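Below is my_file-v4.txt, which holds compact mmCIF, C-alpha atoms.
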```
# COMPACT_ATOMS: atom_id res chain seq x y z
CA MET A 1375 -25.69 -12.62 -31.18
CA LEU A 1376 -24.20 -10.38 -28.50
CA ARG A 1377 -26.94 -11.35 -26.03
CA GLN A 1378 -26.35 -15.05 -26.62
CA GLU A 1379 -22.60 -14.67 -26.26
CA PHE A 1380 -23.13 -12.69 -23.05
CA LEU A 1381 -25.35 -15.43 -21.59
CA GLU A 1382 -22.83 -18.09 -22.60
CA GLY A 1383 -19.97 -16.09 -21.15
CA MET A 1384 -21.75 -15.45 -17.87
CA SER A 1385 -22.47 -19.18 -17.54
CA ARG A 1386 -18.71 -19.67 -17.11
CA ALA A 1387 -18.55 -17.28 -14.16
CA ALA A 1388 -18.85 -19.27 -10.93
CA CYS A 1389 -21.21 -17.79 -8.33
CA THR A 1390 -22.45 -18.79 -4.92
CA VAL A 1391 -26.13 -19.74 -4.74
CA SER A 1392 -28.49 -17.93 -2.34
CA VAL A 1393 -32.17 -18.04 -1.51
CA ILE A 1394 -33.61 -14.53 -1.07
CA THR A 1395 -36.57 -14.48 1.33
CA THR A 1396 -38.96 -11.79 2.54
CA ASP A 1397 -42.05 -11.44 4.71
CA GLY A 1398 -44.36 -8.66 5.83
CA VAL A 1399 -47.48 -6.89 4.57
CA ALA A 1400 -47.06 -8.48 1.12
CA GLY A 1401 -46.70 -11.96 2.56
CA ARG A 1402 -43.90 -14.49 2.50
CA ALA A 1403 -41.90 -15.10 -0.69
CA GLY A 1404 -38.55 -16.46 -1.77
CA VAL A 1405 -36.46 -17.04 -4.87
CA THR A 1406 -33.08 -18.55 -5.77
CA VAL A 1407 -30.44 -16.19 -7.15
CA SER A 1408 -26.77 -16.30 -8.06
CA ALA A 1409 -26.51 -12.51 -8.54
CA MET A 1410 -25.50 -11.33 -5.06
CA SER A 1411 -22.60 -9.08 -4.14
CA SER A 1412 -21.25 -7.04 -1.28
CA ILE A 1413 -21.18 -3.26 -1.78
CA SER A 1414 -19.42 -1.78 1.24
CA ALA A 1415 -18.56 -2.63 4.81
CA ASP A 1416 -18.00 1.04 5.64
CA THR A 1417 -21.50 2.50 5.24
CA PRO A 1418 -23.44 3.14 8.48
CA SER A 1419 -24.32 -0.54 8.24
CA PRO A 1420 -22.61 -2.98 5.82
CA SER A 1421 -24.48 -3.18 2.52
CA LEU A 1422 -25.02 -5.69 -0.27
CA LEU A 1423 -27.10 -6.06 -3.41
CA VAL A 1424 -29.12 -8.79 -5.06
CA CYS A 1425 -30.71 -8.96 -8.50
CA VAL A 1426 -34.21 -10.48 -8.85
CA HIS A 1427 -36.22 -10.85 -12.06
CA HIS A 1428 -39.01 -8.28 -12.27
CA LEU A 1429 -41.63 -10.98 -12.94
CA SER A 1430 -40.76 -12.93 -9.77
CA ALA A 1431 -43.34 -12.74 -6.99
CA ALA A 1432 -40.44 -12.19 -4.61
CA SER A 1433 -39.50 -9.00 -6.45
CA THR A 1434 -42.84 -7.36 -5.72
CA ALA A 1435 -42.93 -8.70 -2.15
CA ILE A 1436 -39.45 -7.36 -1.30
CA GLN A 1437 -40.43 -3.88 -2.43
CA ARG A 1438 -43.64 -3.88 -0.39
CA ASN A 1439 -42.18 -5.55 2.69
CA GLY A 1440 -39.03 -3.45 2.73
CA VAL A 1441 -36.92 -6.33 4.06
CA PHE A 1442 -35.09 -9.36 2.68
CA CYS A 1443 -32.66 -12.03 3.81
CA VAL A 1444 -29.83 -13.47 1.71
CA ASN A 1445 -29.45 -17.14 2.70
CA VAL A 1446 -26.18 -18.44 1.22
CA LEU A 1447 -26.46 -22.20 0.65
CA ARG A 1448 -24.04 -25.02 1.50
CA ASP A 1449 -23.07 -27.46 -1.23
CA ASP A 1450 -25.41 -30.13 0.19
CA GLN A 1451 -28.46 -27.82 -0.04
CA HIS A 1452 -29.01 -27.90 -3.81
CA ALA A 1453 -32.50 -29.37 -3.27
CA ILE A 1454 -33.48 -26.14 -1.48
CA SER A 1455 -32.11 -24.16 -4.42
CA ASP A 1456 -34.14 -26.21 -6.90
CA ILE A 1457 -37.35 -25.71 -4.92
CA PHE A 1458 -37.00 -21.92 -4.68
CA ALA A 1459 -35.96 -21.79 -8.35
CA GLY A 1460 -39.19 -23.60 -9.30
CA ARG A 1461 -37.41 -26.67 -10.70
CA SER A 1462 -39.00 -28.95 -8.10
CA LYS A 1463 -41.79 -28.73 -5.54
CA THR A 1464 -42.56 -29.80 -1.99
CA SER A 1465 -45.46 -32.17 -1.45
CA SER A 1466 -47.47 -29.36 0.14
CA GLY A 1467 -46.71 -26.88 -2.61
CA ASP A 1468 -45.22 -24.43 -0.08
CA LYS A 1469 -41.56 -23.76 -0.85
CA PHE A 1470 -40.79 -23.01 2.77
CA ASP A 1471 -41.70 -26.55 3.86
CA CYS A 1472 -38.34 -27.79 2.53
CA ALA A 1473 -36.33 -26.44 5.49
CA ARG A 1474 -36.45 -24.90 8.96
CA TRP A 1475 -36.70 -21.13 9.29
CA LEU A 1476 -36.01 -18.55 11.99
CA ARG A 1477 -36.93 -14.88 12.47
CA ARG A 1478 -34.31 -12.26 13.22
CA GLU A 1479 -34.19 -8.48 13.22
CA SER A 1480 -35.98 -7.69 9.95
CA GLY A 1481 -38.67 -10.38 10.19
CA ALA A 1482 -37.62 -12.01 6.89
CA PRO A 1483 -37.32 -15.82 7.03
CA VAL A 1484 -33.78 -16.94 7.91
CA LEU A 1485 -32.72 -20.44 6.80
CA GLU A 1486 -31.66 -22.16 10.03
CA GLU A 1487 -28.84 -24.16 8.42
CA ALA A 1488 -27.64 -21.62 5.85
CA LEU A 1489 -23.90 -21.24 5.43
CA VAL A 1490 -24.47 -17.58 6.29
CA ALA A 1491 -27.64 -15.45 6.34
CA PHE A 1492 -27.57 -11.67 5.75
CA ASP A 1493 -30.72 -10.12 7.23
CA CYS A 1494 -31.35 -6.77 5.51
CA HIS A 1495 -33.53 -3.68 5.44
CA LEU A 1496 -34.22 -2.54 1.87
CA LYS A 1497 -32.58 0.85 1.23
CA ASN A 1498 -32.87 1.25 -2.54
CA ALA A 1499 -34.50 -0.53 -5.45
CA PHE A 1500 -34.46 0.18 -9.16
CA GLN A 1501 -35.11 -1.78 -12.33
CA TRP A 1502 -32.42 -2.28 -14.92
CA GLY A 1503 -33.58 -4.26 -17.92
CA SER A 1504 -35.28 -7.47 -16.82
CA HIS A 1505 -34.16 -7.33 -13.17
CA PHE A 1506 -34.67 -5.28 -10.05
CA ILE A 1507 -31.51 -4.39 -8.17
CA PHE A 1508 -32.16 -4.37 -4.43
CA ILE A 1509 -29.68 -2.69 -2.11
CA GLY A 1510 -29.93 -3.70 1.52
CA GLU A 1511 -28.23 -2.63 4.71
CA LEU A 1512 -27.45 -5.29 7.27
CA ALA A 1513 -29.81 -5.59 10.22
CA GLY A 1514 -28.25 -8.82 11.46
CA ILE A 1515 -26.14 -11.76 10.38
CA ALA A 1516 -26.08 -15.47 11.19
CA VAL A 1517 -22.76 -17.19 10.50
CA ASN A 1518 -22.92 -20.97 10.93
CA ASP A 1519 -20.25 -23.69 10.96
CA PRO A 1520 -17.85 -23.51 8.01
CA ALA A 1521 -18.69 -25.75 5.06
CA PRO A 1522 -18.21 -25.63 1.28
CA PRO A 1523 -20.67 -23.25 -0.41
CA LEU A 1524 -22.97 -24.30 -3.24
CA ILE A 1525 -21.50 -23.02 -6.53
CA TYR A 1526 -23.28 -22.57 -9.86
CA ALA A 1527 -21.12 -22.56 -13.00
CA ASN A 1528 -21.37 -24.01 -16.51
CA ARG A 1529 -25.13 -24.36 -15.87
CA ALA A 1530 -24.57 -26.93 -13.13
CA TYR A 1531 -24.06 -27.08 -9.38
CA GLY A 1532 -20.61 -27.63 -7.96
CA THR A 1533 -18.48 -27.33 -4.87
CA PRO A 1534 -15.18 -25.49 -4.48
CA VAL A 1535 -11.97 -27.44 -3.89
CA PRO A 1536 -9.05 -25.47 -2.43
CA LEU A 1537 -5.93 -25.48 -4.60
CA ALA A 1538 -3.22 -27.40 -2.82
CA GLY A 1539 -0.60 -24.83 -3.77
CA PHE A 1540 -2.52 -22.10 -1.98
CA ALA A 1541 -3.74 -24.08 1.03
CA PRO A 1542 -1.43 -23.42 3.97
CA SER A 1543 0.65 -26.34 5.16
CA ARG A 1544 0.47 -26.70 8.88
CA THR A 1545 1.59 -28.99 11.63
CA VAL A 1546 -1.43 -30.42 13.37
CA ALA A 1547 -2.18 -32.07 16.66
CA SER A 1548 0.63 -31.01 18.95
CA PRO A 1549 -0.63 -31.16 22.56
CA THR A 1550 -0.62 -27.36 22.81
CA GLY A 1551 -1.65 -26.68 19.21
CA ALA A 1552 -4.58 -27.31 16.93
CA PRO A 1553 -6.68 -30.48 17.33
CA LEU A 1554 -5.89 -33.49 15.19
CA GLY A 1555 -8.53 -33.45 12.46
CA ILE A 1556 -9.74 -36.91 11.43
CA GLY A 1557 -12.26 -37.43 8.63
CA CYS A 1558 -14.28 -40.54 7.91
CA PHE A 1559 -16.66 -41.58 5.15
CA VAL A 1560 -20.14 -41.37 6.59
CA THR A 1561 -21.16 -45.02 6.11
CA VAL A 1562 -18.04 -46.59 7.63
CA GLY A 1563 -17.48 -44.06 10.41
CA PRO A 1564 -19.84 -45.72 12.93
CA TYR A 1565 -18.25 -49.12 12.25
CA PHE A 1566 -14.53 -48.31 12.38
CA LEU A 1567 -14.00 -44.99 14.06
CA PRO A 1568 -15.27 -45.52 17.66
CA ARG A 1569 -12.90 -48.43 18.36
CA LEU A 1570 -9.99 -46.70 16.61
CA LEU A 1571 -10.62 -43.49 18.49
CA ALA A 1572 -10.90 -45.30 21.84
CA ALA A 1573 -7.56 -47.01 21.25
CA PHE A 1574 -5.92 -43.75 20.14
CA CYS A 1575 -7.21 -41.81 23.14
CA THR A 1576 -5.76 -44.48 25.42
CA ALA A 1577 -2.38 -44.29 23.69
CA ARG A 1578 -2.29 -40.49 23.25
CA PRO A 1579 -4.62 -38.99 25.89
CA GLU A 1580 -3.02 -35.55 25.56
CA VAL A 1581 -4.14 -35.11 21.94
CA GLU A 1582 -7.46 -33.43 21.20
CA VAL A 1583 -9.27 -34.95 18.19
CA LYS A 1584 -11.76 -33.23 15.91
CA LEU A 1585 -14.00 -35.55 13.85
CA VAL A 1586 -15.44 -34.75 10.44
CA GLU A 1587 -17.91 -37.19 8.86
CA GLY A 1588 -19.21 -36.75 5.34
CA ASN A 1589 -19.38 -37.97 1.78
CA GLN A 1590 -16.37 -38.02 -0.54
CA GLU A 1591 -16.77 -34.39 -1.63
CA ARG A 1592 -16.90 -33.19 1.98
CA LEU A 1593 -13.79 -35.17 2.93
CA VAL A 1594 -11.80 -33.98 -0.08
CA ALA A 1595 -12.62 -30.37 0.77
CA ALA A 1596 -11.64 -30.97 4.41
CA LEU A 1597 -8.31 -32.51 3.41
CA LEU A 1598 -7.39 -29.86 0.86
CA GLY A 1599 -8.48 -27.05 3.14
CA GLY A 1600 -6.45 -28.34 6.10
CA GLU A 1601 -9.52 -29.02 8.26
CA VAL A 1602 -8.42 -32.65 8.73
CA ALA A 1603 -5.00 -34.27 8.54
CA LEU A 1604 -6.24 -37.75 7.64
CA ALA A 1605 -9.44 -39.25 6.28
CA LEU A 1606 -10.64 -42.86 6.25
CA THR A 1607 -12.45 -43.21 2.97
CA TYR A 1608 -12.68 -45.03 -0.36
CA ASP A 1609 -10.18 -44.58 -3.17
CA PHE A 1610 -12.68 -43.12 -5.63
CA ASP A 1611 -12.41 -39.76 -7.43
CA LEU A 1612 -9.62 -38.46 -5.22
CA PRO A 1613 -7.75 -35.53 -6.83
CA ALA A 1614 -4.01 -35.58 -7.51
CA PRO A 1615 -3.03 -33.46 -4.46
CA ILE A 1616 -4.24 -36.29 -2.21
CA GLU A 1617 -2.18 -39.41 -1.56
CA THR A 1618 -3.46 -42.66 -0.06
CA MET A 1619 -2.28 -45.54 2.12
CA PRO A 1620 -4.24 -48.74 1.45
CA LEU A 1621 -6.08 -50.38 4.33
CA GLY A 1622 -7.94 -53.16 2.52
CA GLU A 1623 -10.46 -54.22 -0.08
CA VAL A 1624 -14.17 -54.11 0.79
CA PRO A 1625 -16.28 -56.17 -1.64
CA PRO A 1626 -19.85 -55.06 -2.24
CA HIS A 1627 -22.71 -57.19 -0.97
CA VAL A 1628 -26.42 -57.45 -1.67
CA LEU A 1629 -28.73 -56.46 1.19
CA LEU A 1630 -32.17 -58.12 1.16
CA PRO A 1631 -35.13 -58.51 3.50
CA ALA A 1632 -34.82 -61.88 5.23
CA GLU A 1633 -37.99 -63.22 3.57
CA HIS A 1634 -36.96 -62.29 0.01
CA PRO A 1635 -36.84 -65.30 -2.38
CA LEU A 1636 -33.26 -64.46 -3.45
CA ALA A 1637 -32.13 -64.64 0.21
CA ALA A 1638 -32.08 -68.44 -0.10
CA GLN A 1639 -29.18 -68.23 -2.56
CA SER A 1640 -25.59 -68.27 -1.30
CA ARG A 1641 -24.53 -65.81 -4.03
CA ILE A 1642 -26.71 -63.52 -6.08
CA SER A 1643 -26.25 -62.55 -9.71
CA LEU A 1644 -26.57 -58.98 -10.93
CA ARG A 1645 -28.79 -60.39 -13.68
CA ASP A 1646 -31.30 -61.57 -11.08
CA LEU A 1647 -31.18 -58.18 -9.38
CA ALA A 1648 -31.71 -56.12 -12.54
CA ALA A 1649 -35.43 -56.92 -12.57
CA GLU A 1650 -35.84 -56.06 -8.86
CA PRO A 1651 -36.40 -52.55 -7.43
CA MET A 1652 -33.20 -51.03 -6.06
CA VAL A 1653 -32.77 -48.70 -3.07
CA LEU A 1654 -29.69 -46.61 -3.87
CA LEU A 1655 -27.38 -45.06 -1.30
CA ASP A 1656 -27.40 -41.61 -2.86
CA ILE A 1657 -24.06 -40.10 -1.82
CA PRO A 1658 -20.84 -39.75 -3.80
CA PRO A 1659 -19.19 -42.03 -4.79
CA SER A 1660 -21.81 -44.68 -3.91
CA ARG A 1661 -24.41 -43.20 -6.27
CA THR A 1662 -22.15 -43.92 -9.25
CA TYR A 1663 -20.14 -46.92 -8.00
CA PHE A 1664 -23.04 -49.31 -7.38
CA PRO A 1665 -24.87 -48.65 -10.69
CA SER A 1666 -21.50 -49.03 -12.46
CA LEU A 1667 -21.35 -52.66 -11.32
CA PHE A 1668 -24.43 -53.34 -13.46
CA ALA A 1669 -23.00 -51.36 -16.37
CA SER A 1670 -19.87 -53.53 -16.25
CA VAL A 1671 -22.00 -56.53 -17.30
CA GLY A 1672 -24.26 -54.63 -19.70
CA LEU A 1673 -27.20 -54.15 -17.33
CA THR A 1674 -29.14 -51.21 -15.91
CA PRO A 1675 -30.60 -51.35 -12.39
CA ASP A 1676 -34.21 -50.34 -11.65
CA ILE A 1677 -33.50 -47.58 -9.10
CA ARG A 1678 -36.82 -47.15 -7.33
CA TYR A 1679 -35.75 -45.19 -4.23
CA ARG A 1680 -32.78 -43.02 -3.26
CA SER A 1681 -31.57 -41.90 0.15
CA PRO A 1682 -28.34 -40.32 1.43
CA SER A 1683 -28.84 -42.09 4.78
CA PHE A 1684 -27.21 -45.50 5.27
CA GLU A 1685 -29.73 -46.56 7.91
CA MET A 1686 -32.67 -45.27 5.85
CA VAL A 1687 -31.55 -47.48 2.98
CA ARG A 1688 -31.35 -50.47 5.34
CA GLY A 1689 -34.77 -49.62 6.74
CA MET A 1690 -36.42 -49.45 3.32
CA VAL A 1691 -34.85 -52.78 2.36
CA GLY A 1692 -36.10 -54.31 5.60
CA HIS A 1693 -39.66 -53.28 4.72
CA GLY A 1694 -39.49 -54.95 1.32
CA LEU A 1695 -39.17 -51.81 -0.81
CA GLY A 1696 -36.23 -53.25 -2.71
CA TYR A 1697 -32.66 -54.48 -2.36
CA ALA A 1698 -29.48 -52.44 -1.88
CA LEU A 1699 -25.84 -52.83 -2.78
CA LEU A 1700 -23.57 -51.77 0.06
CA ALA A 1701 -19.98 -52.17 1.23
CA THR A 1702 -20.22 -51.78 5.01
CA LYS A 1703 -21.93 -54.48 7.07
CA PRO A 1704 -22.99 -53.48 10.57
CA ALA A 1705 -22.73 -56.17 13.24
CA SER A 1706 -26.52 -56.21 13.60
CA ALA A 1707 -28.61 -57.84 10.88
CA MET A 1708 -31.65 -55.81 11.94
CA THR A 1709 -33.02 -52.43 10.93
CA TYR A 1710 -33.66 -49.70 13.50
CA ASP A 1711 -37.27 -50.83 13.79
CA GLY A 1712 -36.52 -54.54 14.08
CA LYS A 1713 -36.80 -55.91 10.54
CA ALA A 1714 -34.48 -58.81 9.70
CA LEU A 1715 -31.93 -58.41 6.90
CA VAL A 1716 -29.57 -60.75 5.09
CA ALA A 1717 -26.37 -59.93 3.20
CA ARG A 1718 -25.16 -62.04 0.29
CA PRO A 1719 -22.06 -61.71 -1.91
CA LEU A 1720 -22.42 -61.15 -5.65
CA LEU A 1721 -22.00 -64.05 -8.05
CA GLU A 1722 -20.03 -61.95 -10.52
CA THR A 1723 -16.48 -60.81 -9.91
CA VAL A 1724 -16.69 -57.03 -9.66
CA ALA A 1725 -14.43 -54.20 -8.58
CA SER A 1726 -14.17 -53.96 -4.81
CA SER A 1727 -14.10 -50.72 -2.87
CA ARG A 1728 -10.56 -49.85 -1.85
CA PHE A 1729 -10.51 -48.52 1.72
CA VAL A 1730 -7.64 -46.10 2.38
CA ILE A 1731 -6.17 -43.45 4.63
CA ALA A 1732 -6.08 -40.26 2.59
CA ARG A 1733 -3.91 -37.22 3.27
CA ARG A 1734 -2.78 -34.13 1.41
CA ARG A 1735 0.59 -34.72 -0.24
CA ASP A 1736 2.16 -31.48 0.92
CA ALA A 1737 0.68 -31.41 4.43
CA ALA A 1738 3.10 -31.45 7.34
CA THR A 1739 2.01 -33.84 10.11
CA ASP A 1740 3.47 -34.56 13.50
CA GLY A 1741 3.68 -37.76 15.51
CA ALA A 1742 0.01 -37.81 16.50
CA ALA A 1743 -1.20 -38.10 12.90
CA THR A 1744 1.46 -40.71 12.19
CA ASP A 1745 0.43 -42.66 15.29
CA PHE A 1746 -3.24 -42.60 14.29
CA ALA A 1747 -2.40 -43.83 10.79
CA GLY A 1748 -0.31 -46.65 12.23
CA LEU A 1749 -3.12 -47.61 14.57
CA CYS A 1750 -5.52 -47.79 11.63
CA ARG A 1751 -3.20 -50.02 9.61
CA ALA A 1752 -2.64 -52.36 12.54
CA ALA A 1753 -6.33 -52.61 13.44
CA LEU A 1754 -7.53 -53.19 9.89
CA ALA A 1755 -4.79 -55.65 9.06
CA ALA A 1756 -6.27 -58.04 11.65
CA PRO A 1757 -8.89 -60.57 10.49
CA ALA A 1758 -12.19 -58.83 9.73
CA PRO A 1759 -15.00 -59.23 12.26
CA GLN A 1760 -17.67 -61.70 11.18
CA ALA A 1761 -20.10 -58.90 10.41
CA MET A 1762 -17.77 -57.67 7.65
CA ILE A 1763 -17.25 -61.05 6.01
CA ALA A 1764 -19.41 -61.70 2.94
```

Please express the file's structure as structure tokens.
Amino acid sequence: MLRQEFLEGMSRAACTVSVITTDGVAGRAGVTVSAMSSISADTPSPSLLVCVHHLSAASTAIQRNGVFCVNVLRDDQHAISDIFAGRSKTSSGDKFDCARWLRRESGAPVLEEALVAFDCHLKNAFQWGSHFIFIGELAGIAVNDPAPPLIYANRAYGTPVPLAGFAPSRTVASPTGAPLGIGCFVTVGPYFLPRLLAAFCTARPEVEVKLVEGNQERLVAALLGGEVALALTYDFDLPAPIETMPLGEVPPHVLLPAEHPLAAQSRISLRDLAAEPMVLLDIPPSRTYFPSLFASVGLTPDIRYRSPSFEMVRGMVGHGLGYALLATKPASAMTYDGKALVARPLLETVASSRFVIARRRDAATDGAATDFAGLCRAALAAPAPQAMIA
């Protein structure tokens, strides 16, 4: 009973997720862990510890190689975590094929795009119960661009969201101060942001602008953390500390290869699509919004392929691998490799995507942020370009 209660209790404790790697005389090995902690910054070299199950191949390899690297993962790297945890596999069967790796001081593999990588020499190792505790001293460190870390809690992955009450309010974008941070949802950024930014730079050439593109989770974290002052995004799953200014409604459309039989119809029913393979834009909130349109009429889509890339989805549709539901319509009706596409509105009346400017409620902004927001409202209040009309 006590063991079970301990496991249940520890599942509530949120931890960062790291991949521990090693290489040397015992060969290359790696494993996902959540048990990692600093020990001291004041030893001859800063030190940390990790706990690895004694039956893991990485446990034996670390002891023989005498080196290991703690690769702390970003919140968009959960697939890497699953592979090194053994929950999924690469096509080759080699875990390391899932990412790009570097070599630093110790010779252990360093994940090129890790949030941070602690390259260590093994200084002590001992077994306690089912796990080996490895103590390492830092040989080198790679600190990459800031991003939300991957969190594991309640037996699921998550991402941290700064509490608005603890996030510092700041005035952004004065000519001599910090850049004006502007965020944009990744699928609409290429369509809206270049022309808005060009107009803003003409009106306010003295203001430096920092752009952040990402999915909804990335933008929420950037807003709450003060990285951006404004974000152009959809009004889905936004937390209470964020307020919005509406810019317009964007109805979903069906994207089909030009030669598809349904392309001859002026409007397409979800019932006709339910039997067709779907290519899903696999980013939040798109991954839940588009399937929910089917659920609203009692249907379930046949999701055959998933991709987080807008242009990859369009490319797969162009090659006849399925249809897609999307909101943004680029001006070109062609894929990157020249396949013709058609966009058709849905027959059913469904919930449109609400496009908004989002900002933190308690954030202090100066005239530059206000000017950019006004520019957005004016530009998007004009009649939509033909490419955006269903």

Next item on the list: Give me the residues within 10 Å of stretch 1629-1646 of chain A as a PyMOL selection string, counting only C-alpha atoms and dropping any in the same chain fewer than 3 places off.
Entry: chain A and resi 1626+1649-1650+1653+1667-1668+1671-1675+1687-1701+1703+1707-1709+1713-1723+1764

Item checked: Non-local contacts of stretch 1556-1566 of chain A (8 Å; only C-alpha atoms; under 3 positions in same chain excluded) as a ChimeraX atom specification -> /A:1569-1570,1583-1590,1593,1596,1602-1608,1684,1702,1704

Around all the atoms of stretch 1724-1734 of chain A listed in the file, with 4 Å of room on each side, what axis-aligned box do you get, giving centre and edge lengths in Å to one decimal, as AutoDock Vina command-line options?
```
--center_x -9.7 --center_y -45.6 --center_z -2.5 --size_x 21.9 --size_y 30.9 --size_z 22.3
```

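Pairwise distance (atom CA of A:Leu1512, atom CA of A:Lys1497) equals 10.0 Å.
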
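Taking all atoms listed in the file into account, A:Leu1647 lies nearest to A:His1627 out of the set A:Arg1529, A:Arg1751, A:His1627, A:Arg1680.
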
Atom completion result for stretch 1419-1437 of chain A (N, CA and C atoms) as an mmCIF file, keeping the file's coordinate frame:
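For reference, part23.cif as written:
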```cif
data_model
loop_
_atom_site.group_PDB
_atom_site.id
_atom_site.type_symbol
_atom_site.label_atom_id
_atom_site.label_comp_id
_atom_site.auth_asym_id
_atom_site.auth_seq_id
_atom_site.Cartn_x
_atom_site.Cartn_y
_atom_site.Cartn_z
ATOM 1 N N SER A 1419 -24.225 0.894 8.015
ATOM 2 C CA SER A 1419 -24.320 -0.540 8.240
ATOM 3 C C SER A 1419 -23.839 -1.219 6.971
ATOM 4 N N PRO A 1420 -23.093 -2.331 7.047
ATOM 5 C CA PRO A 1420 -22.610 -2.980 5.820
ATOM 6 C C PRO A 1420 -23.751 -3.223 4.838
ATOM 7 N N SER A 1421 -23.433 -3.118 3.542
ATOM 8 C CA SER A 1421 -24.480 -3.180 2.520
ATOM 9 C C SER A 1421 -24.130 -4.201 1.455
ATOM 10 N N LEU A 1422 -25.178 -4.731 0.827
ATOM 11 C CA LEU A 1422 -25.020 -5.690 -0.270
ATOM 12 C C LEU A 1422 -26.146 -5.472 -1.258
ATOM 13 N N LEU A 1423 -26.035 -6.140 -2.423
ATOM 14 C CA LEU A 1423 -27.100 -6.060 -3.410
ATOM 15 C C LEU A 1423 -27.429 -7.441 -3.935
ATOM 16 N N VAL A 1424 -28.670 -7.580 -4.383
ATOM 17 C CA VAL A 1424 -29.120 -8.790 -5.060
ATOM 18 C C VAL A 1424 -29.925 -8.367 -6.283
ATOM 19 N N CYS A 1425 -29.938 -9.217 -7.287
ATOM 20 C CA CYS A 1425 -30.710 -8.960 -8.500
ATOM 21 C C CYS A 1425 -31.794 -10.017 -8.627
ATOM 22 N N VAL A 1426 -33.054 -9.578 -8.781
ATOM 23 C CA VAL A 1426 -34.210 -10.480 -8.850
ATOM 24 C C VAL A 1426 -35.023 -10.107 -10.081
ATOM 25 N N HIS A 1427 -35.443 -11.098 -10.850
ATOM 26 C CA HIS A 1427 -36.220 -10.850 -12.060
ATOM 27 C C HIS A 1427 -37.504 -10.098 -11.721
ATOM 28 N N HIS A 1428 -37.864 -9.140 -12.580
ATOM 29 C CA HIS A 1428 -39.010 -8.280 -12.270
ATOM 30 C C HIS A 1428 -40.323 -9.031 -12.253
ATOM 31 N N LEU A 1429 -40.396 -10.197 -12.922
ATOM 32 C CA LEU A 1429 -41.630 -10.980 -12.940
ATOM 33 C C LEU A 1429 -41.747 -11.932 -11.745
ATOM 34 N N SER A 1430 -40.705 -12.044 -10.942
ATOM 35 C CA SER A 1430 -40.760 -12.930 -9.770
ATOM 36 C C SER A 1430 -41.677 -12.335 -8.712
ATOM 37 N N ALA A 1431 -42.483 -13.197 -8.083
ATOM 38 C CA ALA A 1431 -43.340 -12.740 -6.990
ATOM 39 C C ALA A 1431 -42.518 -12.178 -5.848
ATOM 40 N N ALA A 1432 -41.305 -12.695 -5.676
ATOM 41 C CA ALA A 1432 -40.440 -12.190 -4.610
ATOM 42 C C ALA A 1432 -40.031 -10.748 -4.864
ATOM 43 N N SER A 1433 -39.905 -10.369 -6.121
ATOM 44 C CA SER A 1433 -39.500 -9.000 -6.450
ATOM 45 C C SER A 1433 -40.522 -7.994 -5.924
ATOM 46 N N THR A 1434 -41.783 -8.256 -6.200
ATOM 47 C CA THR A 1434 -42.840 -7.360 -5.720
ATOM 48 C C THR A 1434 -42.927 -7.376 -4.201
ATOM 49 N N ALA A 1435 -42.804 -8.573 -3.604
ATOM 50 C CA ALA A 1435 -42.930 -8.700 -2.150
ATOM 51 C C ALA A 1435 -41.797 -7.971 -1.426
ATOM 52 N N ILE A 1436 -40.578 -8.050 -1.943
ATOM 53 C CA ILE A 1436 -39.450 -7.360 -1.300
ATOM 54 C C ILE A 1436 -39.687 -5.859 -1.268
ATOM 55 N N GLN A 1437 -40.195 -5.324 -2.385
ATOM 56 C CA GLN A 1437 -40.430 -3.880 -2.430
ATOM 57 C C GLN A 1437 -41.513 -3.453 -1.446
#
```
